[in-house]
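A.B. asks: Sharing entry-v1.txt (compact mmCIF, C-alpha atoms and all ligand atoms) below.
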```
# COMPACT_ATOMS: atom_id res chain seq x y z
CA MET Z 1 144.61 193.86 275.99
CA PRO Z 2 148.35 193.23 275.83
CA LYS Z 3 150.54 194.79 278.51
CA ARG Z 4 153.07 195.88 275.91
CA VAL Z 5 153.03 196.53 272.16
CA ILE Z 6 156.28 196.57 270.24
CA PHE Z 7 156.90 197.71 266.69
CA THR Z 8 159.94 196.91 264.64
CA PRO Z 9 161.16 200.12 262.93
CA ASP Z 10 160.39 199.08 259.35
CA THR Z 11 156.71 198.46 260.18
CA LEU Z 12 156.24 202.19 260.66
CA ASN Z 13 157.11 202.70 256.98
CA GLU Z 14 154.00 200.69 256.10
CA PRO Z 15 150.72 202.65 256.02
CA PHE Z 16 148.98 199.66 257.58
CA GLY Z 17 151.64 199.54 260.33
CA GLN Z 18 150.93 203.20 261.00
CA GLN Z 19 147.22 202.43 261.29
CA ILE Z 20 147.93 199.74 263.90
CA TYR Z 21 150.17 202.21 265.75
CA GLU Z 22 147.35 204.75 265.87
CA ARG Z 23 144.89 202.12 267.09
CA VAL Z 24 147.04 200.93 269.99
CA GLU Z 25 147.99 204.51 270.86
CA ALA Z 26 144.28 205.39 271.07
CA LEU Z 27 143.85 202.43 273.44
CA ASN Z 28 146.57 203.93 275.69
CA LEU Z 29 148.68 200.80 275.53
CA PRO Z 30 152.42 201.04 276.31
CA ILE Z 31 154.31 201.13 272.99
CA ASP Z 32 158.00 200.43 272.30
CA VAL Z 33 159.62 200.92 268.92
CA MET Z 34 162.60 198.57 268.73
CA LYS Z 35 166.01 199.60 267.49
CA SER Z 36 166.32 196.70 265.08
CA ASN Z 37 163.92 194.65 263.00
CA ARG Z 38 164.72 191.52 265.01
CA LEU Z 39 162.53 190.78 268.01
CA SER Z 40 164.55 190.24 271.17
CA GLY Z 41 164.28 190.49 274.95
CA LEU Z 42 161.08 188.45 275.12
CA ARG Z 43 162.33 185.62 277.32
CA GLY Z 44 161.75 185.38 281.06
CA ALA Z 45 163.76 183.50 283.68
CA ASP Z 46 162.01 180.20 282.90
CA ASP Z 47 159.44 178.70 280.52
CA ARG Z 48 156.51 179.85 282.65
CA GLU Z 49 157.69 183.44 282.75
CA THR Z 50 158.52 183.41 279.05
CA TYR Z 51 154.98 182.18 278.37
CA ARG Z 52 153.47 184.91 280.59
CA ILE Z 53 155.49 187.68 278.97
CA ALA Z 54 154.79 186.40 275.47
CA LYS Z 55 151.03 186.09 275.93
CA ASN Z 56 150.92 189.70 277.16
CA THR Z 57 152.90 191.11 274.25
CA LEU Z 58 151.75 192.16 270.81
CA ALA Z 59 154.61 192.53 268.36
CA VAL Z 60 153.97 194.31 265.07
CA VAL Z 61 156.43 193.08 262.48
CA ASN Z 62 156.71 192.69 258.73
CA ALA Z 63 156.15 189.16 257.49
CA PRO Z 64 159.24 187.83 255.71
CA PRO Z 65 159.13 187.49 251.90
CA SER Z 66 158.68 183.72 252.34
CA ALA Z 67 155.18 184.46 253.75
CA LEU Z 68 154.13 185.40 250.22
CA ARG Z 69 154.62 181.77 249.15
CA LEU Z 70 151.40 180.20 250.36
CA GLN Z 71 151.09 176.66 251.66
CA PRO Z 72 148.12 174.33 251.04
CA ILE Z 73 145.91 173.83 254.09
CA PRO Z 74 143.60 170.85 253.50
CA PRO Z 75 140.92 170.16 254.55
CA SER Z 76 140.17 173.66 255.85
CA ALA Z 77 140.80 175.65 252.65
CA ASP Z 78 143.02 175.74 249.56
CA TRP Z 79 145.78 178.04 250.84
CA GLN Z 80 146.76 179.51 254.17
CA MET Z 81 147.62 183.16 254.53
CA ASN Z 82 148.63 184.35 257.97
CA LEU Z 83 147.75 187.88 259.03
CA ALA Z 84 149.44 187.16 262.37
CA GLU Z 85 151.10 184.32 264.26
CA GLY Z 86 150.48 183.66 267.95
CA CYS Z 87 147.29 184.00 269.97
CA PRO Z 88 146.30 185.76 273.17
CA ALA Z 89 144.09 182.89 274.43
CA HIS Z 90 145.15 179.98 276.65
CA CYS Z 91 143.67 176.79 275.23
CA GLN Z 92 145.33 173.89 276.95
CA TYR Z 93 145.21 171.80 273.77
CA CYS Z 94 146.45 174.72 271.63
CA TYR Z 95 147.00 173.84 267.99
CA LEU Z 96 149.99 176.17 267.87
CA ALA Z 97 152.02 174.19 270.41
CA GLY Z 98 155.09 172.88 268.67
CA SER Z 99 154.48 174.76 265.43
CA LEU Z 100 155.57 178.28 266.41
CA GLN Z 101 159.23 179.23 266.72
CA GLY Z 102 160.32 180.96 269.93
CA PRO Z 103 158.12 182.41 272.68
CA PRO Z 104 154.37 182.47 271.83
CA VAL Z 105 154.21 186.23 271.27
CA VAL Z 106 151.45 187.47 268.96
CA ARG Z 107 153.19 188.79 265.85
CA ALA Z 108 150.83 190.85 263.68
CA TYR Z 109 151.95 191.69 260.16
CA ALA Z 110 152.18 195.32 259.12
CA ASN Z 111 152.71 194.43 255.46
CA LEU Z 112 149.31 192.71 255.28
CA PRO Z 113 148.11 194.71 252.22
CA THR Z 114 151.11 193.42 250.22
CA MET Z 115 150.35 189.89 251.35
CA LEU Z 116 146.72 190.27 250.34
CA GLN Z 117 147.66 191.46 246.88
CA GLY Z 118 149.94 188.42 246.61
CA THR Z 119 146.96 186.09 246.99
CA ALA Z 120 145.66 187.21 243.57
CA THR Z 121 148.29 185.03 241.85
CA TYR Z 122 146.82 182.00 243.66
CA GLU Z 123 143.26 182.61 242.51
CA GLY Z 124 142.18 179.84 240.17
CA THR Z 125 144.81 177.47 241.61
CA TYR Z 126 143.89 174.49 243.75
CA PRO Z 127 146.35 172.30 245.63
CA PRO Z 128 146.13 168.56 244.99
CA ASN Z 129 144.00 166.69 247.54
CA ALA Z 130 142.01 169.77 248.47
CA SER Z 131 139.47 167.28 249.79
CA TRP Z 132 135.86 168.48 250.06
CA GLN Z 133 136.58 171.45 247.86
CA ASN Z 134 137.60 169.54 244.75
CA THR Z 135 134.18 168.86 243.39
CA PRO Z 136 134.57 167.22 239.95
CA GLY Z 137 133.52 169.52 237.16
CA ASN Z 138 133.75 172.54 239.42
CA ALA Z 139 137.31 173.61 238.63
CA GLN Z 140 136.36 177.23 238.33
CA ARG Z 141 135.08 177.60 241.85
CA PRO Z 142 136.66 180.45 243.85
CA THR Z 143 139.95 179.65 245.55
CA THR Z 144 139.73 179.74 249.34
CA PHE Z 145 142.23 181.36 251.71
CA GLU Z 146 142.35 180.50 255.41
CA VAL Z 147 143.70 183.20 257.75
CA SER Z 148 143.26 181.50 261.11
CA CYS Z 149 145.92 178.79 261.08
CA TYR Z 150 148.31 180.49 263.48
CA THR Z 151 146.22 182.98 265.41
CA ASP Z 152 142.72 183.83 266.52
CA VAL Z 153 141.99 186.65 264.10
CA LEU Z 154 139.08 188.10 266.08
CA GLY Z 155 141.01 187.94 269.35
CA ILE Z 156 143.40 190.63 268.05
CA GLU Z 157 141.05 192.52 265.73
CA HIS Z 158 140.47 195.41 268.17
CA LEU Z 159 144.25 195.97 268.13
CA THR Z 160 145.07 195.52 264.46
CA GLY Z 161 142.00 195.82 262.22
CA SER Z 162 143.63 193.09 260.10
CA LEU Z 163 140.55 190.92 259.71
CA ALA Z 164 138.46 193.84 258.45
CA GLU Z 165 141.25 194.63 255.97
CA CYS Z 166 141.07 191.06 254.66
CA ILE Z 167 137.26 191.00 254.53
CA ARG Z 168 137.18 194.26 252.54
CA TYR Z 169 139.88 192.98 250.17
CA PHE Z 170 138.13 189.69 249.41
CA GLY Z 171 134.81 191.52 249.14
CA GLN Z 172 136.19 192.92 245.88
CA ARG Z 173 137.48 189.59 244.52
CA GLU Z 174 135.41 187.25 242.42
CA MET Z 175 137.68 184.21 242.46
CA GLY Z 176 139.11 184.48 245.95
CA GLN Z 177 137.28 183.80 249.19
CA LEU Z 178 138.30 184.25 252.80
CA ARG Z 179 137.74 181.82 255.66
CA PHE Z 180 138.35 182.57 259.28
CA VAL Z 181 137.55 180.87 262.56
CA THR Z 182 137.44 182.26 266.08
CA LYS Z 183 136.67 181.62 269.74
CA TYR Z 184 135.98 185.30 270.44
CA ASP Z 185 132.77 187.26 270.13
CA GLN Z 186 133.40 190.96 269.46
CA VAL Z 187 131.95 191.07 265.96
CA ASP Z 188 130.26 194.47 265.86
CA SER Z 189 133.07 196.05 263.81
CA LEU Z 190 132.54 193.38 261.12
CA LEU Z 191 128.80 193.84 260.67
CA GLY Z 192 128.83 196.72 258.19
CA LEU Z 193 131.77 195.59 256.02
CA ALA Z 194 131.30 195.04 252.29
CA HIS Z 195 132.09 191.31 252.35
CA ASN Z 196 129.87 190.52 249.33
CA GLY Z 197 129.49 186.95 250.54
CA GLN Z 198 133.20 186.28 249.94
CA THR Z 199 134.07 185.64 253.60
CA ARG Z 200 132.89 182.67 255.60
CA ALA Z 201 132.87 183.49 259.32
CA ARG Z 202 133.33 180.31 261.36
CA PHE Z 203 133.08 179.83 265.10
CA SER Z 204 134.89 177.15 267.02
CA LEU Z 205 132.42 175.56 269.44
CA ASN Z 206 132.67 172.82 272.00
CA ALA Z 207 130.83 171.24 274.91
CA GLU Z 208 130.47 173.70 277.80
CA SER Z 209 132.61 171.65 280.14
CA VAL Z 210 135.47 171.46 277.60
CA ALA Z 211 135.36 175.19 276.89
CA ARG Z 212 135.21 176.13 280.57
CA ARG Z 213 138.00 173.77 281.61
CA LEU Z 214 140.39 174.08 278.68
CA GLU Z 215 139.80 177.30 276.70
CA GLY Z 216 141.15 180.03 278.98
CA GLY Z 217 140.78 183.64 277.89
CA THR Z 218 138.22 182.95 275.15
CA ALA Z 219 134.57 184.04 274.95
CA SER Z 220 132.02 181.67 276.50
CA VAL Z 221 130.28 179.24 274.15
CA GLU Z 222 127.03 181.15 274.59
CA ALA Z 223 128.74 184.43 273.66
CA ARG Z 224 130.22 182.80 270.54
CA LEU Z 225 126.76 181.52 269.56
CA GLN Z 226 125.30 185.01 269.90
CA ALA Z 227 128.16 186.44 267.81
CA LEU Z 228 127.57 183.77 265.16
CA ARG Z 229 123.91 184.76 265.06
CA LYS Z 230 124.82 188.44 264.59
CA LEU Z 231 127.08 187.71 261.65
CA ALA Z 232 124.68 185.21 260.09
CA LEU Z 233 121.38 187.07 260.15
CA PRO Z 234 120.46 188.93 256.97
CA VAL Z 235 121.38 192.61 256.82
CA ALA Z 236 117.66 193.44 256.71
CA GLN Z 237 117.33 191.85 260.15
CA GLY Z 238 120.29 193.82 261.54
CA GLY Z 239 122.85 191.07 261.00
CA GLY Z 240 126.01 190.92 258.93
CA GLY Z 241 124.63 188.59 256.23
CA TYR Z 242 127.82 186.53 256.20
CA PRO Z 243 128.14 182.93 255.09
CA ILE Z 244 128.90 181.14 258.35
CA GLY Z 245 130.51 177.95 259.55
CA VAL Z 246 130.50 175.88 262.70
CA VAL Z 247 133.73 174.14 263.63
CA ILE Z 248 133.19 171.72 266.48
CA ALA Z 249 136.68 171.16 267.80
CA PRO Z 250 138.44 169.52 269.41
CA ILE Z 251 135.77 166.88 269.92
CA MET Z 252 136.43 164.73 273.00
CA PRO Z 253 134.63 161.64 274.36
CA ILE Z 254 134.25 163.25 277.78
CA PRO Z 255 131.89 161.61 280.30
CA ASN Z 256 128.32 162.38 279.14
CA TRP Z 257 129.61 163.46 275.75
CA ARG Z 258 126.34 162.60 274.01
CA ASP Z 259 124.35 164.82 276.40
CA GLU Z 260 126.85 167.67 276.30
CA TYR Z 261 127.18 167.77 272.53
CA THR Z 262 123.41 167.31 272.11
CA HIS Z 263 122.94 170.38 274.28
CA LEU Z 264 125.42 172.32 272.13
CA LEU Z 265 123.63 171.42 268.88
CA ASP Z 266 120.22 172.18 270.39
CA ARG Z 267 121.44 175.56 271.59
CA LEU Z 268 122.87 176.36 268.15
CA TYR Z 269 119.50 175.47 266.62
CA GLU Z 270 117.69 177.77 269.05
CA VAL Z 271 120.10 180.71 268.81
CA LEU Z 272 119.99 180.70 265.01
CA ASP Z 273 116.22 180.20 265.13
CA TYR Z 274 116.97 177.65 262.47
CA ALA Z 275 113.35 176.53 262.07
CA ASN Z 276 112.51 179.99 260.71
CA ASN Z 277 115.84 181.06 259.19
CA ALA Z 278 117.07 177.90 257.43
CA ASP Z 279 116.32 179.31 253.96
CA GLN Z 280 118.30 182.46 254.60
CA LEU Z 281 121.37 180.92 256.22
CA ASN Z 282 124.43 179.87 254.27
CA MET Z 283 126.03 177.53 256.80
CA ASN Z 284 128.28 174.48 256.84
CA ALA Z 285 130.11 172.45 259.46
CA GLU Z 286 133.52 170.95 260.19
CA PHE Z 287 134.18 168.30 262.85
CA ILE Z 288 137.66 167.84 264.29
CA SER Z 289 138.47 165.24 266.95
CA HIS Z 290 141.23 165.86 269.47
CA ARG Z 291 144.75 164.71 268.59
CA PHE Z 292 148.26 165.49 269.70
CA THR Z 293 151.83 164.73 268.72
CA PRO Z 294 154.84 163.99 270.96
CA GLY Z 295 156.14 167.49 270.13
CA SER Z 296 152.88 169.32 270.87
CA LYS Z 297 152.46 167.39 274.14
CA ASP Z 298 155.96 168.45 275.27
CA VAL Z 299 155.23 172.11 274.63
CA LEU Z 300 151.75 171.97 276.18
CA MET Z 301 153.16 170.35 279.33
CA GLN Z 302 155.58 173.28 279.64
CA TRP Z 303 152.83 175.84 279.09
CA TYR Z 304 150.17 174.08 281.21
CA PRO Z 305 151.94 171.70 283.61
CA ASN Z 306 148.77 171.12 285.67
CA THR Z 307 146.45 170.54 282.73
CA SER Z 308 143.57 168.10 283.05
CA LEU Z 309 143.63 167.52 279.28
CA ASP Z 310 143.81 163.81 278.50
CA MET Z 311 147.01 163.14 276.53
CA ASP Z 312 147.62 159.53 277.55
CA GLU Z 313 149.31 157.81 274.62
CA ALA Z 314 148.39 154.38 276.03
CA THR Z 315 144.67 154.94 275.43
CA ARG Z 316 145.07 156.34 271.90
CA ALA Z 317 145.62 154.98 268.42
CA GLN Z 318 148.73 156.07 266.51
CA LYS Z 319 148.57 157.59 263.07
CA ARG Z 320 151.57 158.29 260.86
CA ASN Z 321 151.70 161.27 258.56
CA LYS Z 322 153.40 161.27 255.16
CA PHE Z 323 156.60 162.68 256.67
CA GLY Z 324 156.88 159.81 259.19
CA GLY Z 325 155.64 161.85 262.18
CA THR Z 326 153.24 160.32 264.71
CA LYS Z 327 150.00 161.69 266.01
CA TYR Z 328 147.76 160.25 268.68
CA VAL Z 329 144.07 160.06 267.85
CA TYR Z 330 141.16 158.28 269.50
CA GLN Z 331 140.72 154.52 269.12
CA PRO Z 332 138.74 153.50 266.01
CA THR Z 333 135.68 152.43 268.04
CA ASP Z 334 135.54 155.81 269.82
CA MET Z 335 136.09 157.64 266.54
CA GLN Z 336 133.29 155.75 264.81
CA ALA Z 337 130.83 156.40 267.64
CA LEU Z 338 131.66 160.10 267.72
CA LYS Z 339 131.57 160.49 263.95
CA ARG Z 340 128.24 158.71 263.60
CA PHE Z 341 126.74 160.80 266.38
CA PHE Z 342 127.84 164.10 264.88
CA TYR Z 343 126.79 163.30 261.30
CA ASP Z 344 123.39 161.97 262.44
CA GLU Z 345 122.61 164.70 264.91
CA TRP Z 346 123.86 167.51 262.68
CA THR Z 347 122.03 166.34 259.58
CA ARG Z 348 118.81 165.81 261.52
CA ARG Z 349 118.83 169.39 262.82
CA PHE Z 350 120.51 171.25 259.96
CA PRO Z 351 119.65 169.39 256.72
CA THR Z 352 120.57 172.33 254.49
CA ALA Z 353 123.99 172.90 256.12
CA PRO Z 354 126.49 170.40 254.69
CA VAL Z 355 129.21 168.75 256.76
CA LEU Z 356 132.51 169.45 255.00
CA TYR Z 357 134.63 166.84 256.73
CA TRP Z 358 135.34 164.81 259.84
CA THR Z 359 138.91 164.41 260.99
FE1 LIG R 1 145.55 178.15 270.48
FE2 LIG R 1 143.36 178.61 268.94
FE3 LIG R 1 143.16 178.57 271.60
FE4 LIG R 1 144.42 180.55 270.39
S1 LIG R 1 142.22 180.09 270.23
S2 LIG R 1 145.12 179.48 272.26
S3 LIG R 1 145.40 179.48 268.67
S4 LIG R 1 143.73 176.83 270.26
```
Output the file's structure as structure tokens, nothing else.

C.D. replies:
Amino acid sequence: MPKRVIFTPDTLNEPFGQQIYERVEALNLPIDVMKSNRLSGLRGADDRETYRIAKNTLAVVNAPPSALRLQPIPPSADWQMNLAEGCPAHCQYCYLAGSLQGPPVVRAYANLPTMLQGTATYEGTYPPNASWQNTPGNAQRPTTFEVSCYTDVLGIEHLTGSLAECIRYFGQREMGQLRFVTKYDQVDSLLGLAHNGQTRARFSLNAESVARRLEGGTASVEARLQALRKLALPVAQGGGGYPIGVVIAPIMPIPNWRDEYTHLLDRLYEVLDYANNADQLNMNAEFISHRFTPGSKDVLMQWYPNTSLDMDEATRAQKRNKFGGTKYVYQPTDMQALKRFFYDEWTRRFPTAPVLYWT
């Protein structure tokens, strides 16, 4: 629950903005309607205080018109569409570090229905290099839209209802599909939605020790597994009947990594009762190893100065992106060992659930 919710005045002209207002009012949260449509007054005396204030604030704003121009997001999906930017959790490796402007306030978009309608013009379009999705001869597959690039959509769902809005919208589309990923577990409000198989609900999972040490404010791994089960089971068994995904990220060669990740995969197998449910589950997997950039490390060290996250450039390999930026990834020998382990162990347990990519 945020300590403060602020609305810019134009968001209250949007029916969806009004709905969010009613939700947060019903939760008895302190609400401020700002005088102007620019967010201000969110900085504290220093970086720590700014971070604290920001993480406790939900701002409801209208996304700028530029948000209607979607960007490709390989390998996760074809296009990214952001229903919000900023996240209430405290992951010490946070993917948002260095990519958000200003204090890390959660900004939820009141003009979401307009943004959703805008995705229709992208249906049937596929960015170049869409990786695993560009199956030759399959050009007419549905176009995929990722909504979790800049927020944890389930972490704010009780406040905004934005994810349900997206699921219902894509439930009526034939050539557009939704993908989201989360580290939270409150999925009950999603169970009865008419998703029509057009939304893939993915859960970010990790070794227990990584989640406990580095993923502050999120649901426990066990709680995420139980939530995944709820969404995955067929409606006839009381579940949501969603296509599901497992995103193991960020993978780290921690001491005992083979044991810890083996335990995670075993637990997933048990919770899904995969031996009995394999035929009914529509599941796939994504594997993402830990990486950082000089810019993300700077921001993370401001946010979490005492972090135990390993970001020692000297032990990493450097990779250049096409814009000349550097990222630090694991050494090739570590990468190969991790990749082989995950492909082998996943495929052995879940032969009908394809691995989409390793990165
Ligand atoms: Fe960052 Fe994702 Fe963790 Fe939120 S859940 S703090 S966006 S890494």

A.B. asks: Put the listed atoms of ligand LIG 1 (chain R) in a box along x, y and z with 5 Å added on every side and give me the centre and edge lengths in Å to one decimal, as AutoDock Vina command-line options.

C.D. replies:
```
--center_x 143.9 --center_y 178.7 --center_z 270.5 --size_x 13.3 --size_y 13.7 --size_z 13.6
```

A.B. asks: Using all atoms listed in the file, which of the listed residues (Z:Glu165, Z:Asp188, Z:Asp10, Z:Asp298) sits closest to Tyr93 of chain Z?

C.D. replies: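 Of Z:Glu165, Z:Asp188, Z:Asp10, Z:Asp298, the one nearest Tyr93 of chain Z, counting all atoms listed in the file, is Z:Asp298.
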
A.B. asks: Residues at most 10 Å from His158 of chain Z, counting all atoms listed in the file, excluding those fewer than 5 positions away in the same chain, as a PyMOL selection string?

C.D. replies: chain Z and resi 1+20+23-24+27+153+163+186-187+189

A.B. asks: Hey, which of Z:Leu68, Z:Ala26, Z:Val329, Z:Leu338 ends up closest to Asp310 of chain Z? Count all atoms listed in the file.

C.D. replies: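 Counting all atoms listed in the file, the residue closest to Asp310 of chain Z is Z:Val329.
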
A.B. asks: Distance limit 7 Å, reference ligand LIG 1 (chain R), atoms considered: all atoms listed in the file. Which residues make the cut? Give them as a PyMOL selection string.

C.D. replies: chain Z and resi 86-91+93-96+150-152+182-183+215+218

A.B. asks: Restricting the output to C-alpha atoms, write the selected residues as a tab-separated table (two decimals), keeping the file's coordinate frame.

C.D. replies:
```
chain	number	residue	atom	x	y	z
Z	86	GLY	CA	150.48	183.66	267.95
Z	87	CYS	CA	147.29	184.00	269.97
Z	88	PRO	CA	146.30	185.76	273.17
Z	89	ALA	CA	144.09	182.89	274.43
Z	90	HIS	CA	145.15	179.98	276.65
Z	91	CYS	CA	143.67	176.79	275.23
Z	93	TYR	CA	145.21	171.80	273.77
Z	94	CYS	CA	146.45	174.72	271.63
Z	95	TYR	CA	147.00	173.84	267.99
Z	96	LEU	CA	149.99	176.17	267.87
Z	150	TYR	CA	148.31	180.49	263.48
Z	151	THR	CA	146.22	182.98	265.41
Z	152	ASP	CA	142.72	183.83	266.52
Z	182	THR	CA	137.44	182.26	266.08
Z	183	LYS	CA	136.67	181.62	269.74
Z	215	GLU	CA	139.80	177.30	276.70
Z	218	THR	CA	138.22	182.95	275.15
```

A.B. asks: When you look at Pro103 of chain Z with a cut-off of 7 Å (counting all atoms listed in the file), what residues show up, excluding the ones that are within fewer than 4 positions of it in the same chain? I need them as a list in words.

C.D. replies: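 That gives Thr50, Tyr51 and Ala54 of chain Z.
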
A.B. asks: Could you check the closest approach to Tyr357 of chain Z for each of Z:Val61, Z:Leu264, Z:Leu300, Z:Ala77 and tell me which residue wins, using all atoms listed in the file?

C.D. replies: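 Closest candidate: Z:Ala77.
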
A.B. asks: List as a ChimeraX atom specification the residues having at least one atom at most 12 Å from position (139.5, 172.6, 256.6) as given in the file, counting all atoms listed in the file.

C.D. replies: /Z:72-80,129-133,144-149,179-181,202,245-249,284-288,355-359
